[in-house]
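Student: Structure supplied as coords15.txt; contents: compact mmCIF, C-alpha atoms and all ligand atoms.
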# COMPACT_ATOMS: atom_id res chain seq x y z
CA MET A 19 0.00 0.00 0.00
CA THR A 20 1.38 3.41 -0.85
CA SER A 21 1.72 5.95 1.93
CA ALA A 22 -0.49 9.03 2.18
CA LEU A 23 2.45 10.93 3.69
CA TYR A 24 4.73 13.15 1.63
CA PRO A 25 7.53 10.86 0.46
CA THR A 26 10.18 13.24 1.85
CA TYR A 27 11.74 10.63 4.15
CA ALA A 28 13.32 7.23 3.44
CA ARG A 29 11.65 5.28 6.23
CA ALA A 30 13.06 1.97 7.45
CA ASP A 31 10.50 -0.81 7.27
CA VAL A 32 10.00 -1.30 11.00
CA ILE A 33 7.21 -0.37 13.40
CA PHE A 34 8.03 0.11 17.06
CA THR A 35 5.28 -0.65 19.55
CA ARG A 36 7.03 -0.18 22.88
CA GLY A 37 9.98 1.69 24.32
CA GLU A 38 11.75 1.41 27.65
CA GLY A 39 14.78 3.53 28.56
CA PRO A 40 17.25 3.08 25.67
CA TRP A 41 15.37 0.08 24.24
CA LEU A 42 12.78 -0.11 21.48
CA PHE A 43 10.65 -3.15 20.73
CA ALA A 44 9.34 -3.78 17.23
CA GLU A 45 5.99 -5.24 16.27
CA ASN A 46 7.65 -8.54 15.35
CA GLY A 47 9.34 -8.81 18.76
CA ASP A 48 12.82 -7.60 17.69
CA ARG A 49 14.62 -5.55 20.33
CA TYR A 50 16.80 -2.56 19.42
CA LEU A 51 19.25 -0.50 21.43
CA ASP A 52 18.24 3.03 20.51
CA PHE A 53 21.34 5.16 19.89
CA ALA A 54 19.30 7.39 17.57
CA SER A 55 16.96 8.74 20.28
CA GLY A 56 14.66 10.18 17.63
CA VAL A 57 17.65 12.28 16.51
CA ALA A 58 18.78 13.46 19.94
CA VAL A 59 15.24 14.17 21.07
CA LEU A 60 14.73 11.46 23.69
CA SER A 61 17.20 12.86 26.20
CA LEU A 62 15.73 10.65 28.94
CA GLY A 63 14.98 7.65 26.74
CA HIS A 64 11.60 6.06 26.22
CA ASP A 65 8.78 5.90 28.74
CA HIS A 66 10.62 7.81 31.47
CA PRO A 67 8.42 7.58 34.59
CA HIS A 68 8.88 11.24 35.61
CA LEU A 69 8.02 12.50 32.12
CA VAL A 70 5.03 10.18 31.80
CA ALA A 71 3.66 11.24 35.20
CA THR A 72 4.21 14.93 34.39
CA LEU A 73 2.44 14.71 31.03
CA LYS A 74 -0.47 12.72 32.49
CA ALA A 75 -0.94 15.30 35.25
CA ALA A 76 -0.71 18.15 32.73
CA ALA A 77 -3.29 16.41 30.51
CA GLU A 78 -5.85 16.67 33.32
CA LYS A 79 -5.46 20.48 33.32
CA PRO A 80 -6.18 22.94 30.49
CA TRP A 81 -4.16 21.84 27.45
CA HIS A 82 -3.85 25.20 25.85
CA ILE A 83 -4.28 28.73 27.16
CA SER A 84 -2.71 30.99 24.50
CA ASN A 85 -0.07 33.56 25.20
CA LEU A 86 -2.77 36.16 25.77
CA PHE A 87 -2.90 34.86 29.36
CA GLN A 88 -0.44 33.84 32.06
CA ILE A 89 1.12 30.38 31.63
CA PRO A 90 2.82 29.49 34.94
CA GLN A 91 4.48 26.35 33.49
CA ALA A 92 6.14 28.47 30.78
CA GLU A 93 7.20 31.10 33.33
CA ALA A 94 8.72 28.39 35.52
CA LEU A 95 10.61 26.72 32.66
CA ALA A 96 11.93 30.06 31.40
CA ARG A 97 13.09 30.95 34.92
CA ARG A 98 14.98 27.68 35.23
CA LEU A 99 16.61 28.04 31.80
CA VAL A 100 17.71 31.54 32.77
CA GLU A 101 19.11 30.31 36.08
CA ALA A 102 21.01 27.48 34.37
CA THR A 103 22.56 29.58 31.57
CA PHE A 104 23.92 32.92 30.32
CA ALA A 105 20.39 34.03 29.36
CA ASP A 106 18.05 36.62 30.87
CA VAL A 107 14.94 35.93 28.76
CA VAL A 108 13.39 33.07 26.79
CA PHE A 109 10.95 32.77 23.88
CA PHE A 110 9.17 29.42 23.52
CA CYS A 111 8.19 27.83 20.20
CA ASN A 112 7.63 24.30 18.95
CA SER A 113 10.63 23.17 16.93
CA GLY A 114 14.28 23.70 16.24
CA ALA A 115 13.80 25.67 13.05
CA GLU A 116 11.44 28.04 14.83
CA ALA A 117 13.94 28.50 17.66
CA VAL A 118 16.63 29.37 15.08
CA GLU A 119 14.21 31.73 13.28
CA CYS A 120 13.66 33.51 16.58
CA ALA A 121 17.43 33.70 17.11
CA ILE A 122 17.90 35.23 13.64
CA LYS A 123 15.09 37.73 14.23
CA THR A 124 16.48 38.63 17.66
CA VAL A 125 19.93 39.39 16.21
CA ARG A 126 18.53 41.47 13.34
CA LYS A 127 16.16 43.38 15.58
CA TYR A 128 18.94 44.15 18.05
CA HIS A 129 20.76 46.19 15.43
CA ALA A 130 17.53 47.78 14.24
CA ALA A 131 16.85 48.82 17.83
CA ASN A 132 20.33 50.34 17.88
CA GLY A 133 19.42 52.42 14.84
CA GLN A 134 21.38 50.20 12.43
CA PRO A 135 18.73 48.20 10.55
CA GLU A 136 21.20 47.72 7.68
CA ARG A 137 23.12 45.29 9.90
CA TYR A 138 21.03 42.20 9.26
CA ARG A 139 23.42 39.67 7.74
CA LEU A 140 24.63 36.61 9.62
CA ILE A 141 27.86 34.76 8.95
CA THR A 142 27.31 30.98 8.92
CA PHE A 143 29.61 28.00 8.38
CA GLU A 144 29.90 25.23 5.81
CA GLY A 145 28.37 21.99 7.02
CA ALA A 146 25.72 23.88 8.98
CA PHE A 147 22.18 22.67 9.48
CA HIS A 148 19.63 25.05 10.96
CA GLY A 149 16.27 23.58 9.91
CA ARG A 150 13.95 23.43 6.92
CA THR A 151 12.06 26.72 6.92
CA LEU A 152 12.86 29.18 4.14
CA ALA A 153 15.18 31.27 6.30
CA THR A 154 16.90 28.31 7.95
CA ILE A 155 17.64 26.54 4.65
CA ALA A 156 19.23 29.78 3.48
CA ALA A 157 21.24 29.90 6.72
CA GLY A 158 22.31 26.27 6.31
CA GLY A 159 23.33 26.89 2.73
CA ASN A 160 23.04 23.24 1.66
CA PRO A 161 22.21 23.39 -2.09
CA LYS A 162 20.24 20.13 -1.83
CA TYR A 163 17.80 21.74 0.59
CA LEU A 164 17.58 25.04 -1.32
CA ASP A 165 17.02 23.63 -4.80
CA GLY A 166 13.66 24.44 -6.33
CA PHE A 167 12.39 26.64 -3.53
CA GLY A 168 12.99 29.99 -5.21
CA ALA A 169 15.51 32.66 -4.39
CA PRO A 170 17.12 31.91 -1.01
CA THR A 171 16.10 34.22 1.82
CA PRO A 172 18.76 36.94 1.84
CA GLY A 173 21.01 37.75 4.75
CA PHE A 174 23.41 34.84 5.12
CA ASP A 175 27.09 34.71 4.23
CA GLN A 176 28.69 31.30 4.50
CA VAL A 177 32.38 30.73 5.15
CA PRO A 178 34.48 27.53 5.46
CA PHE A 179 34.31 25.65 8.76
CA ALA A 180 36.24 27.30 11.60
CA ASP A 181 38.22 29.52 9.20
CA LEU A 182 39.03 32.70 11.12
CA GLU A 183 40.60 34.50 8.16
CA ALA A 184 37.53 33.84 6.04
CA VAL A 185 35.36 35.11 8.90
CA GLU A 186 37.31 38.34 9.16
CA ALA A 187 37.16 38.84 5.39
CA ALA A 188 33.40 38.24 5.38
CA ILE A 189 32.54 40.92 7.95
CA THR A 190 31.01 44.04 6.38
CA ASP A 191 29.02 47.06 7.59
CA GLU A 192 25.92 44.90 7.12
CA THR A 193 27.06 42.06 9.35
CA ALA A 194 24.87 41.51 12.39
CA GLY A 195 26.62 38.52 13.91
CA PHE A 196 27.35 34.80 13.67
CA LEU A 197 25.14 31.76 13.63
CA LEU A 198 26.74 28.39 14.29
CA GLU A 199 26.36 25.01 15.98
CA PRO A 200 29.20 24.55 18.50
CA VAL A 201 29.01 20.88 17.50
CA GLN A 202 27.61 20.40 14.00
CA GLY A 203 25.03 17.62 13.98
CA GLU A 204 23.65 16.89 10.51
CA GLY A 205 26.87 18.19 8.96
CA GLY A 206 28.84 15.28 10.39
CA LEU A 207 29.65 15.80 14.06
CA ARG A 208 32.28 18.43 13.61
CA VAL A 209 33.26 20.17 16.84
CA PHE A 210 34.30 23.81 16.57
CA PRO A 211 37.68 24.20 18.32
CA ARG A 212 37.45 26.05 21.63
CA GLU A 213 40.07 28.58 20.51
CA PHE A 214 38.00 29.38 17.44
CA LEU A 215 34.90 30.09 19.52
CA LEU A 216 36.96 32.31 21.83
CA GLU A 217 38.28 34.23 18.81
CA LEU A 218 34.74 34.66 17.48
CA ARG A 219 33.68 36.05 20.85
CA LYS A 220 36.54 38.54 20.72
CA LEU A 221 35.48 39.59 17.21
CA CYS A 222 31.91 40.03 18.44
CA ASP A 223 33.03 42.25 21.29
CA ALA A 224 35.38 44.29 19.10
CA ARG A 225 32.93 44.77 16.21
CA GLY A 226 29.59 44.99 18.01
CA LEU A 227 28.39 41.67 16.57
CA LEU A 228 26.16 39.11 18.27
CA MET A 229 26.98 35.44 18.69
CA ALA A 230 23.94 33.25 18.07
CA LEU A 231 24.41 29.55 18.68
CA ASP A 232 22.23 26.80 17.32
CA GLU A 233 22.27 24.27 20.15
CA VAL A 234 19.10 22.57 18.96
CA GLN A 235 20.97 19.26 18.82
CA CYS A 236 24.01 19.73 21.05
CA GLY A 237 22.27 21.58 23.90
CA VAL A 238 20.39 20.39 26.99
CA GLY A 239 23.20 18.20 28.32
CA ARG A 240 23.96 16.21 25.15
CA THR A 241 27.70 17.02 25.30
CA GLY A 242 28.05 16.70 29.07
CA LYS A 243 27.46 20.40 29.75
CA PHE A 244 24.02 21.97 29.72
CA LEU A 245 25.08 24.09 26.74
CA ALA A 246 27.89 22.88 24.47
CA CYS A 247 29.43 26.37 24.41
CA GLU A 248 30.27 25.96 28.11
CA HIS A 249 33.13 23.63 27.10
CA ALA A 250 34.83 26.61 25.49
CA GLY A 251 33.90 28.96 28.30
CA VAL A 252 32.25 31.22 25.73
CA ALA A 253 29.25 33.37 26.64
CA PRO A 254 26.88 33.61 23.67
CA ASP A 255 24.26 36.33 23.14
CA VAL A 256 21.50 34.11 21.79
CA VAL A 257 21.00 30.33 21.84
CA ALA A 258 18.39 28.17 20.10
CA LEU A 259 17.30 24.95 21.85
CA ALA A 260 14.77 22.30 20.93
CA LYS A 261 15.31 18.56 20.40
CA GLY A 262 16.36 17.28 23.84
CA LEU A 263 14.44 19.95 25.76
CA GLY A 264 11.09 18.17 25.51
CA GLY A 265 12.34 14.60 25.85
CA GLY A 266 9.99 13.70 22.97
CA PHE A 267 7.36 16.40 23.43
CA PRO A 268 7.72 19.12 20.75
CA ILE A 269 9.18 22.33 22.16
CA GLY A 270 11.74 24.89 21.08
CA ALA A 271 13.26 27.81 22.94
CA CYS A 272 15.29 30.86 22.07
CA LEU A 273 17.42 32.09 24.95
CA ALA A 274 19.01 35.54 24.98
CA THR A 275 20.61 38.14 27.16
CA SER A 276 18.30 41.08 27.80
CA GLU A 277 20.72 43.29 25.85
CA ALA A 278 20.60 41.01 22.77
CA ALA A 279 16.81 40.71 23.01
CA LYS A 280 16.24 44.42 23.46
CA GLY A 281 14.54 44.75 20.07
CA MET A 282 12.05 41.96 20.77
CA THR A 283 9.41 44.19 22.26
CA LEU A 284 5.62 43.92 22.48
CA GLY A 285 4.17 42.50 19.29
CA THR A 286 7.47 41.85 17.46
CA HIS A 287 7.19 38.05 17.53
CA GLY A 288 4.68 35.36 18.41
CA SER A 289 3.70 31.72 18.32
CA THR A 290 0.25 30.24 18.93
CA PHE A 291 1.49 27.01 20.45
CA GLY A 292 4.77 28.33 21.88
CA GLY A 293 4.98 27.92 25.65
CA ASN A 294 2.04 25.55 25.65
CA PRO A 295 1.30 24.20 29.18
CA LEU A 296 1.83 20.54 28.17
CA ALA A 297 5.15 21.22 26.43
CA THR A 298 6.53 23.47 29.15
CA ALA A 299 5.45 21.11 31.93
CA VAL A 300 7.33 18.26 30.23
CA GLY A 301 10.33 20.55 29.56
CA GLY A 302 10.41 21.28 33.28
CA ALA A 303 10.42 17.56 34.04
CA VAL A 304 13.35 17.05 31.64
CA LEU A 305 15.27 19.76 33.51
CA ASP A 306 14.42 18.13 36.87
CA VAL A 307 16.54 15.21 35.70
CA VAL A 308 19.19 16.83 33.49
CA LEU A 309 20.01 19.54 36.04
CA SER A 310 19.94 17.16 39.02
CA GLU A 311 23.13 16.79 41.04
CA GLY A 312 25.75 14.74 39.22
CA PHE A 313 23.74 14.10 36.04
CA LEU A 314 25.84 16.13 33.59
CA PRO A 315 29.23 14.97 34.95
CA ARG A 316 27.91 11.44 34.47
CA VAL A 317 27.05 12.19 30.82
CA ALA A 318 30.60 13.53 30.37
CA ALA A 319 32.11 10.41 31.95
CA LEU A 320 29.98 8.12 29.77
CA GLY A 321 31.10 10.19 26.79
CA SER A 322 34.77 9.58 27.67
CA LEU A 323 34.07 5.86 27.92
CA LEU A 324 32.28 5.88 24.56
CA ARG A 325 35.18 7.81 23.00
CA GLN A 326 37.68 5.25 24.33
CA ARG A 327 35.64 2.24 23.21
CA LEU A 328 35.13 3.73 19.74
CA ALA A 329 38.88 4.39 19.45
CA GLU A 330 39.47 0.68 20.15
CA LEU A 331 36.98 -0.22 17.44
CA GLU A 332 38.71 2.19 15.06
CA ASP A 333 42.03 0.42 15.74
CA ARG A 334 40.47 -2.97 15.13
CA TYR A 335 38.70 -2.03 11.90
CA PRO A 336 40.85 0.59 10.13
CA LYS A 337 39.28 -0.35 6.78
CA ILE A 338 35.77 0.31 8.09
CA ILE A 339 36.18 3.23 10.49
CA GLU A 340 38.19 6.31 9.59
CA THR A 341 37.66 8.17 12.84
CA ALA A 342 35.23 8.72 15.68
CA ARG A 343 34.64 12.25 16.94
CA GLY A 344 32.30 14.17 19.16
CA GLU A 345 31.71 15.35 22.69
CA GLY A 346 29.78 13.78 25.56
CA LEU A 347 27.06 11.51 24.22
CA MET A 348 27.08 13.12 20.77
CA PHE A 349 29.38 11.02 18.62
CA GLY A 350 29.99 10.53 14.95
CA VAL A 351 31.72 7.56 13.36
CA LYS A 352 33.21 8.58 10.01
CA THR A 353 33.26 5.40 7.99
CA ARG A 354 35.33 4.23 5.03
CA VAL A 355 32.36 2.26 3.72
CA PRO A 356 29.19 4.15 2.71
CA ASN A 357 27.66 5.38 6.00
CA GLY A 358 24.27 3.95 4.96
CA ASP A 359 25.83 0.46 4.76
CA PHE A 360 27.36 0.91 8.21
CA ALA A 361 24.04 2.04 9.72
CA ALA A 362 22.21 -0.84 8.04
CA ALA A 363 24.74 -3.34 9.42
CA ALA A 364 24.35 -1.83 12.90
CA ARG A 365 20.57 -2.07 12.61
CA ALA A 366 20.88 -5.71 11.58
CA GLU A 367 22.73 -6.16 14.89
CA GLY A 368 19.92 -4.38 16.74
CA LEU A 369 21.53 -0.96 17.14
CA LEU A 370 19.80 2.18 15.88
CA THR A 371 21.96 5.09 14.69
CA VAL A 372 21.43 8.22 12.58
CA LEU A 373 23.19 9.21 9.36
CA ALA A 374 24.94 12.55 8.98
CA GLY A 375 26.89 14.40 6.31
CA ASP A 376 30.59 13.77 5.60
CA ASN A 377 29.89 9.99 5.52
CA VAL A 378 29.27 9.91 9.25
CA VAL A 379 27.00 7.71 11.36
CA ARG A 380 25.77 9.45 14.51
CA LEU A 381 25.53 7.83 17.92
CA LEU A 382 23.09 9.83 20.04
CA PRO A 383 22.04 7.59 22.94
CA PRO A 384 19.60 8.75 25.58
CA LEU A 385 21.50 10.55 28.34
CA ILE A 386 20.20 8.06 30.93
CA ILE A 387 22.24 5.10 29.63
CA ASP A 388 24.86 3.35 31.78
CA GLU A 389 28.23 1.70 31.08
CA GLY A 390 26.48 -1.57 30.25
CA HIS A 391 24.58 0.04 27.39
CA ILE A 392 27.83 1.43 25.97
CA SER A 393 29.42 -2.03 26.08
CA GLU A 394 26.32 -3.48 24.45
CA ALA A 395 26.37 -0.83 21.70
CA VAL A 396 30.10 -1.29 21.04
CA SER A 397 29.74 -5.06 20.90
CA ARG A 398 26.94 -4.66 18.33
CA LEU A 399 29.07 -2.19 16.35
CA ASP A 400 31.93 -4.69 16.52
CA LYS A 401 29.72 -7.35 14.95
CA ALA A 402 28.51 -4.86 12.34
CA CYS A 403 32.12 -4.01 11.44
CA ALA A 404 33.02 -7.70 11.22
CA ARG A 405 30.04 -8.20 8.91
CA LEU A 406 31.18 -5.30 6.71
CA ALA A 407 34.83 -6.38 6.75
CA ALA A 408 34.08 -9.97 5.70
CA PRO A 409 33.37 -9.42 1.97
CA ALA A 410 36.36 -7.07 1.66
CA LYS A 411 38.62 -9.83 3.02
CA GLN A 412 37.28 -12.28 0.47
CA LEU A 413 37.96 -9.78 -2.30
CA GLY A 414 41.51 -9.34 -1.00
CA ALA A 415 42.09 -13.10 -0.98
CA ALA A 416 40.79 -13.55 -4.51
C1 LIG B 501 17.25 19.38 14.07
C2 LIG B 501 17.95 20.67 14.01
C3 LIG B 501 17.29 21.84 13.63
C4 LIG B 501 15.85 21.85 13.14
O1 LIG B 501 14.98 21.39 14.13
P1 LIG B 501 13.47 21.04 13.70
O2 LIG B 501 12.82 20.72 15.02
O3 LIG B 501 13.54 19.87 12.78
O4 LIG B 501 12.90 22.23 13.06
C5 LIG B 501 18.00 23.02 13.65
N1 LIG B 501 19.28 23.06 14.02
C6 LIG B 501 19.96 21.95 14.39
C7 LIG B 501 21.37 22.07 14.81
C8 LIG B 501 19.31 20.72 14.38
O5 LIG B 501 19.99 19.62 14.71
Let me see whether you can do it: turn the structure in this file into structure tokens.
Ligand SMILES: *Cc1c(COP(=O)(O)O)cnc(C)c1O

Tutor:
Amino acid sequence: MTSALYPTYARADVIFTRGEGPWLFAENGDRYLDFASGVAVLSLGHDHPHLVATLKAAAEKPWHISNLFQIPQAEALARRLVEATFADVVFFCNSGAEAVECAIKTVRKYHAANGQPERYRLITFEGAFHGRTLATIAAGGNPKYLDGFGAPTPGFDQVPFADLEAVEAAITDETAGFLLEPVQGEGGLRVFPREFLLELRKLCDARGLLMALDEVQCGVGRTGKFLACEHAGVAPDVVALAKGLGGGFPIGACLATSEAAKGMTLGTHGSTFGGNPLATAVGGAVLDVVLSEGFLPRVAALGSLLRQRLAELEDRYPKIIETARGEGLMFGVKTRVPNGDFAAAARAEGLLTVLAGDNVVRLLPPLIIDEGHISEAVSRLDKACARLAAPAKQLGAA
């Protein structure tokens, strides 16, 4: 039977009927270790008791109020995000692309509020992914995503990854700031060097530019810090969050300093569903866990273990794995075989992963895993590598 959905995704032929922590169970009884986490969304895994209880309780209260009235759950979540980060104020929306759109608008409006509306252009980086709206495909600059959708939304100047000279050359009187993912997700798990982020911050301060970070994928504890930029000790002006913030419930957030958000005054932006009581209640429950004592250091420690175990795998299968890179529980395995083959072999061994650019396979386990799950995942990857290496050996022998 053909699907009534847009055919915009290549969907694997499997239906999951139950999830528990990092495990997913298929209709036919197969069990999978979920290192995809719905693309870094399920920060606390499947069926987390605290999230389930929170959503059930919220479902007994008004589901939707609209931002024309007070929403205490949204106030509370914003307060906690502010207390946990550089930010002073938060705008809630429903997805990553919307959070990035808000970040872009915040940066542009800041300069307009300063009497410099001509400063609206953002410098972005090759390999970026910022979402699929018209502005965010222009920001991402991937020709595949722009093709056929008309003239790209103006206002984005892309430079090579982490190239400071190119950045300096790209700055003009129209530049408003930078937009980047401290750890690129879709682009292939490339981590911006700390020194580069520090240099960008210096440029921002010297030239009156704003630093907007897209932490839709790498934020909310994924890298072992609440925000990935904390690894570099860099204070951003604006940060977009989404994926992991709702633990599976759709929510996005744009965080900013009050200075950076000074143009976002009454009536300048809005969202019907943004800050919805259900979404913000669940977001609060995610923070209860992610910001609890010892949680983030544990993610960092598990990340070190994963890094070490992947390095061993890389040594054992140099013809299959080129390198493994990432931070915390956000890892990419750059393969020497087509990444789709690697992911398929892993899935055949009961391990779910996500593809990325640069021939990378992403490992994005729920943040609640333990050492045993890492061993389990690595053992399944080992079998997948052995499976992929086997035909190559035969070819060599022939
Ligand atoms: C997923 C993602 C987005 C887009 O999020 P949506 O919820 O799909 O709109 C934007 N930026 C980054 C870095 C992402 O990983």

Student: Compare A:Glu204, A:Asp191, A:Asp48, A:Glu367 by their minimum atom-to-atom distance to ligand LIG 501 (chain B), counting only C-alpha atoms and all ligand atoms, and give me the closest one.

Tutor: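 Of A:Glu204, A:Asp191, A:Asp48, A:Glu367, the one nearest ligand LIG 501 (chain B) is A:Glu204, counting only C-alpha atoms and all ligand atoms.
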
Student: Can you find the residues with an atom no farther than 7 Å from (28.0, 38.2, 24.5), counting all atoms listed in the file, and report them as a PyMOL selection string?

Tutor: chain A and resi 228-229+253-255

Student: Would you name the residues within 10 Å of ligand LIG 501 (chain B), counting only C-alpha atoms and all ligand atoms, and put them as a PyMOL selection string?

Tutor: chain A and resi 57-59+111-119+146-151+154-155+158+198-205+231-237+258-261+268-270

Student: As JSON, please: the centre and edge lengths in Å, to one decimal, of an axis-aligned box enclosing every listed atom of segment 47-56 of chain A with 8 Å added on each side.

Tutor:
{"center_x": 15.3, "center_y": 0.7, "center_z": 19.5, "size_x": 28.0, "size_y": 35.0, "size_z": 19.9}

Student: Using only C-alpha atoms, which residue out of A:Leu305, A:Ala395, A:Val355, A:Ala246 lies closest to Val209 of chain A?

Tutor: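 Answer, going by the shortest atom-to-atom distance: A:Ala246.
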
Student: Could you check how far atom CA of Val100 of chain A sits from atom CA of Leu245 of chain A, in Å to one decimal?

Tutor: 12.1 Å

Student: Might you pull out every residue within 10 Å of Ala54 of chain A, with only C-alpha atoms counted and same-chain residues fewer than 6 positions away left off, and present them as a VMD selection string?

Tutor: chain A and resid 40 60 369 to 373 379 to 384

Student: Please, what distance in Å, to one decimal, runs between atom CA of Pro211 of chain A and atom CA of Pro172 of chain A?

Tutor: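 Distance between the two atoms: 28.1 Å.
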
Student: Select, from A:Leu69, A:Val32, A:Leu216, A:Leu347, the residue with the minimum atom-to-atom distance to Phe267 of chain A, counting all atoms listed in the file.

Tutor: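 Using all atoms listed in the file, the shortest distance to Phe267 of chain A belongs to A:Leu69.
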
Student: Expressed in Å to a single decimal, how great is the separation between atom CA of Val70 of chain A and atom CA of Gly262 of chain A?

Tutor: 15.6 Å

Student: Measuring atom to atom with all atoms listed in the file, identify which of A:Ala362, A:Met348, A:Met282, A:Ala180 is nearest to Asp31 of chain A.

Tutor: A:Ala362

Student: Please check which residues have atoms at most 12 Å from (16.1, 23.3, -0.4) in the file's coordinates, counting all atoms listed in the file, and write them as a ChimeraX atom specification.

Tutor: /A:26,147,149-171

Student: For the residues selected in the previous step, produce a file with C-alpha atoms as a short mmCIF file (atom, residue, chain, number, x, y, z; two decimals), in the frame of the given file.

Tutor:
data_model
loop_
_atom_site.label_atom_id
_atom_site.label_comp_id
_atom_site.auth_asym_id
_atom_site.auth_seq_id
_atom_site.Cartn_x
_atom_site.Cartn_y
_atom_site.Cartn_z
CA THR A 26 10.18 13.24 1.85
CA PHE A 147 22.18 22.67 9.48
CA GLY A 149 16.27 23.58 9.91
CA ARG A 150 13.95 23.43 6.92
CA THR A 151 12.06 26.72 6.92
CA LEU A 152 12.86 29.18 4.14
CA ALA A 153 15.18 31.27 6.30
CA THR A 154 16.90 28.31 7.95
CA ILE A 155 17.64 26.54 4.65
CA ALA A 156 19.23 29.78 3.48
CA ALA A 157 21.24 29.90 6.72
CA GLY A 158 22.31 26.27 6.31
CA GLY A 159 23.33 26.89 2.73
CA ASN A 160 23.04 23.24 1.66
CA PRO A 161 22.21 23.39 -2.09
CA LYS A 162 20.24 20.13 -1.83
CA TYR A 163 17.80 21.74 0.59
CA LEU A 164 17.58 25.04 -1.32
CA ASP A 165 17.02 23.63 -4.80
CA GLY A 166 13.66 24.44 -6.33
CA PHE A 167 12.39 26.64 -3.53
CA GLY A 168 12.99 29.99 -5.21
CA ALA A 169 15.51 32.66 -4.39
CA PRO A 170 17.12 31.91 -1.01
CA THR A 171 16.10 34.22 1.82
#

Student: Determine the nearest neighbour of Asp333 of chain A from the options A:Ile89, A:Ala121, A:Cys403, A:Ala131, counting only C-alpha atoms.

Tutor: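 Residue with the minimum atom-to-atom distance to Asp333 of chain A: A:Cys403.
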
Student: Tell me which protein, DNA and RNA residues are within 10 Å of Leu221 of chain A, counting all atoms listed in the file, leaving out same-chain ones fewer than 6 positions away, and put them as JSON, numbers by chain.

Tutor: {"A": [182, 185, 186, 189, 195, 215, 227, 228, 229]}

Student: With C-alpha atoms retained, export the selected residues as a short mmCIF file (atom, residue, chain, number, x, y, z; two decimals), in the coordinates of the input.

Tutor:
data_model
loop_
_atom_site.label_atom_id
_atom_site.label_comp_id
_atom_site.auth_asym_id
_atom_site.auth_seq_id
_atom_site.Cartn_x
_atom_site.Cartn_y
_atom_site.Cartn_z
CA LEU A 182 39.03 32.70 11.12
CA VAL A 185 35.36 35.11 8.90
CA GLU A 186 37.31 38.34 9.16
CA ILE A 189 32.54 40.92 7.95
CA GLY A 195 26.62 38.52 13.91
CA LEU A 215 34.90 30.09 19.52
CA LEU A 227 28.39 41.67 16.57
CA LEU A 228 26.16 39.11 18.27
CA MET A 229 26.98 35.44 18.69
#

Student: Hey, which bits of segment 169-262 of chain A sit within 7 Å of segment 310-316 of chain A, and for each residue what's the closest pair of atoms and how far apart in Å (one decimal), counting all atoms listed in the file, rows by chain and increasing number, as a tab-separated table?

Tutor:
residue	atom	partner	partner_atom	distance
A:Gly239	CA	A:Leu314	CA	6.2
A:Gly242	CA	A:Leu314	CA	5.1
A:Lys243	CA	A:Leu314	CA	6.0

Student: Just checking: using only C-alpha atoms, which residue out of A:Thr142, A:Thr241, A:Thr298, A:Thr20 ends up closest to Thr193 of chain A?

Tutor: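 Ranked by minimum distance to Thr193 of chain A, first place goes to A:Thr142.
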
Student: For Gln176 of chain A, find every residue with an atom within 7 Å (counting only C-alpha atoms), except residues of its own chain fewer than 4 positions away, and show them as a compact mmCIF listing (two decimals) with C-alpha atoms, in the frame of the given file.

Tutor:
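Final file, out-v1.txt:
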# COMPACT_ATOMS: atom_id res chain seq x y z
CA ILE A 141 27.86 34.76 8.95
CA THR A 142 27.31 30.98 8.92
CA PHE A 143 29.61 28.00 8.38
CA GLU A 144 29.90 25.23 5.81
